[in-house]
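Chemist: Right, I'll just put the structure down here and ask away after.
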Amino acid sequence: VSTQSTGSETPVHRNIAKIAKLKVGSLDYGLGKEKGPGAGLPKHNTFVGEVCLSAGAYVSRRMINEIPPQCTGDWSDRGTTIPGWNVVVYPQPGDIIAYNGVPAVVTSSNTSVTVVDGIVRETNWGFRLGHENAVVRRFMPKNIQVNVVGPKRVRFSQRSGDTVTTG
């Protein structure tokens, strides 16, 4: 996977990477934990989704709570549309890199953070020899509609990355 930057990094992207790094060492995503899809099931999606939401990047609840491998496979499938997340070629911090159904948060030109054996770790997942077909997605929220509550609509502002409520 090439790591040439496209220069589209925003504060949201930097926050995604920072929050992921702050969680390194956490045991909150182990198989025995009830969060996400429940005890006994992998929590890669839950980790990635919670990090993104904490940073201000929209990820649907389905992507966080769905029982794997459905949604973890979505991150790895170039043909699957994930609202607000475009497939890109060159990973940069804050992107999601996914290989073989396991998504991770890109933190540098050759590292990412994901759940490994129930512990959040920074590794070279997605950048390893043999991972050349890893799928990289970048949050590009061009005013996507993320939630409808009555007559109000919540949207992300493309310019600022802020959430805007209208209606």
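Letters for chains follow the order of the structure tokens (A, B, ...), residue numbers begin at 1 for each chain, and ligand numbers begin at 1 in the order shown.
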Could you list, as a PyMOL selection string, every residue within 10 Å of Asp117 of chain A, counting only C-alpha atoms and ignoring same-chain residues fewer than 6 positions away?
Modeler: chain A and resi 27+29-31+42
Chemist: Would you mind exporting C-alpha atoms of the selected residues as a PDB file, in the first residue's frame?
Modeler:
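Final file, selection-v8.pdb:
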ATOM      1  CA  LEU A  27      -9.008  -4.079  27.202  1.00  0.00           C
ATOM      2  CA  TYR A  29     -12.873  -4.452  23.221  1.00  0.00           C
ATOM      3  CA  GLY A  30     -12.100  -8.007  24.308  1.00  0.00           C
ATOM      4  CA  LEU A  31     -14.243 -10.983  23.292  1.00  0.00           C
ATOM      5  CA  PRO A  42     -14.907  -9.639  17.661  1.00  0.00           C
TER       6      PRO A  42
END
Chemist: Residues of segment 55-132 of chain A that approach segment 14-22 of chain A to 6 Å or less, counting only C-alpha atoms: could you list each one with the shortest pair of atoms and its distance in Å to one decimal, rows by chain and increasing residue number, as JSON lines?
Modeler:
{"residue": "A:Ala55", "atom": "CA", "partner": "A:Ile16", "partner_atom": "CA", "distance": 5.2}
{"residue": "A:Pro93", "atom": "CA", "partner": "A:Ala17", "partner_atom": "CA", "distance": 5.6}
{"residue": "A:Gly94", "atom": "CA", "partner": "A:Ala17", "partner_atom": "CA", "distance": 4.6}
{"residue": "A:Thr107", "atom": "CA", "partner": "A:Ala17", "partner_atom": "CA", "distance": 5.1}
Chemist: With a distance cut-off of 8 Å and only C-alpha atoms, select the neighbouring residues of Ser109 of chain A, excluding the residue or stretch itself and same-chain residues fewer than 2 positions from it, and output the selection as a PyMOL selection string.
Modeler: chain A and resi 3+91-93+106-107+111
Chemist: How would the residues just picked look written out with N, CA and C atoms as a compact mmCIF listing (two decimals), in the first residue's frame?
Modeler:
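File written: result_34.txt
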# COMPACT_ATOMS: atom_id res chain seq x y z
N THR A 3 1.81 5.16 0.56
CA THR A 3 1.41 6.06 1.62
C THR A 3 1.55 7.53 1.25
N PRO A 91 -3.21 6.04 1.96
CA PRO A 91 -3.65 6.22 3.34
C PRO A 91 -2.92 7.36 4.05
N GLN A 92 -3.65 8.01 4.93
CA GLN A 92 -3.07 9.04 5.79
C GLN A 92 -3.72 8.90 7.16
N PRO A 93 -3.10 9.49 8.20
CA PRO A 93 -3.66 9.37 9.54
C PRO A 93 -5.14 9.78 9.59
N VAL A 106 -5.69 4.29 10.62
CA VAL A 106 -4.33 4.64 10.20
C VAL A 106 -3.81 5.73 11.13
N THR A 107 -2.59 5.51 11.66
CA THR A 107 -1.99 6.48 12.58
C THR A 107 -0.69 7.08 12.05
N THR A 111 1.61 2.53 10.13
CA THR A 111 1.02 1.92 11.32
C THR A 111 -0.48 2.20 11.40
Chemist: Within 9 Å of Val135 of chain A, counting only C-alpha atoms, which residues qualify if same-chain residues fewer than 2 places away don't, as a ChimeraX atom specification?
Modeler: /A:75-78,87-89,96-99,103,126,132-133,137
Chemist: Residues as selected, C-alpha atoms, written as a CSV table (one decimal), in the first residue's frame, can you do that?
Modeler:
chain,number,residue,atom,x,y,z
A,75,TRP,CA,-14.9,-1.9,5.4
A,76,SER,CA,-12.9,-4.4,3.3
A,77,ASP,CA,-15.1,-4.4,0.2
A,78,ARG,CA,-14.4,-1.7,-2.3
A,87,VAL,CA,-12.4,4.6,-0.9
A,88,VAL,CA,-9.0,6.3,-1.5
A,89,VAL,CA,-5.6,5.1,-2.7
A,96,ILE,CA,-9.6,3.4,8.0
A,97,ILE,CA,-7.6,0.6,6.4
A,98,ALA,CA,-9.2,-2.8,6.2
A,99,TYR,CA,-7.8,-6.1,5.1
A,103,PRO,CA,-10.6,-2.6,10.0
A,126,GLY,CA,-2.9,-3.1,6.4
A,132,GLU,CA,-1.4,-4.8,-0.9
A,133,ASN,CA,-5.1,-5.2,-1.5
A,137,ARG,CA,-11.5,4.8,3.3
Chemist: Name the closest residue to Asn86 of chain A among the candidates A:Val116, A:Val102, A:Met140, A:Val12; distances are taken between atoms, counting only C-alpha atoms.
Modeler: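 Nearest candidate to Asn86 of chain A out of A:Val116, A:Val102, A:Met140, A:Val12: A:Met140.
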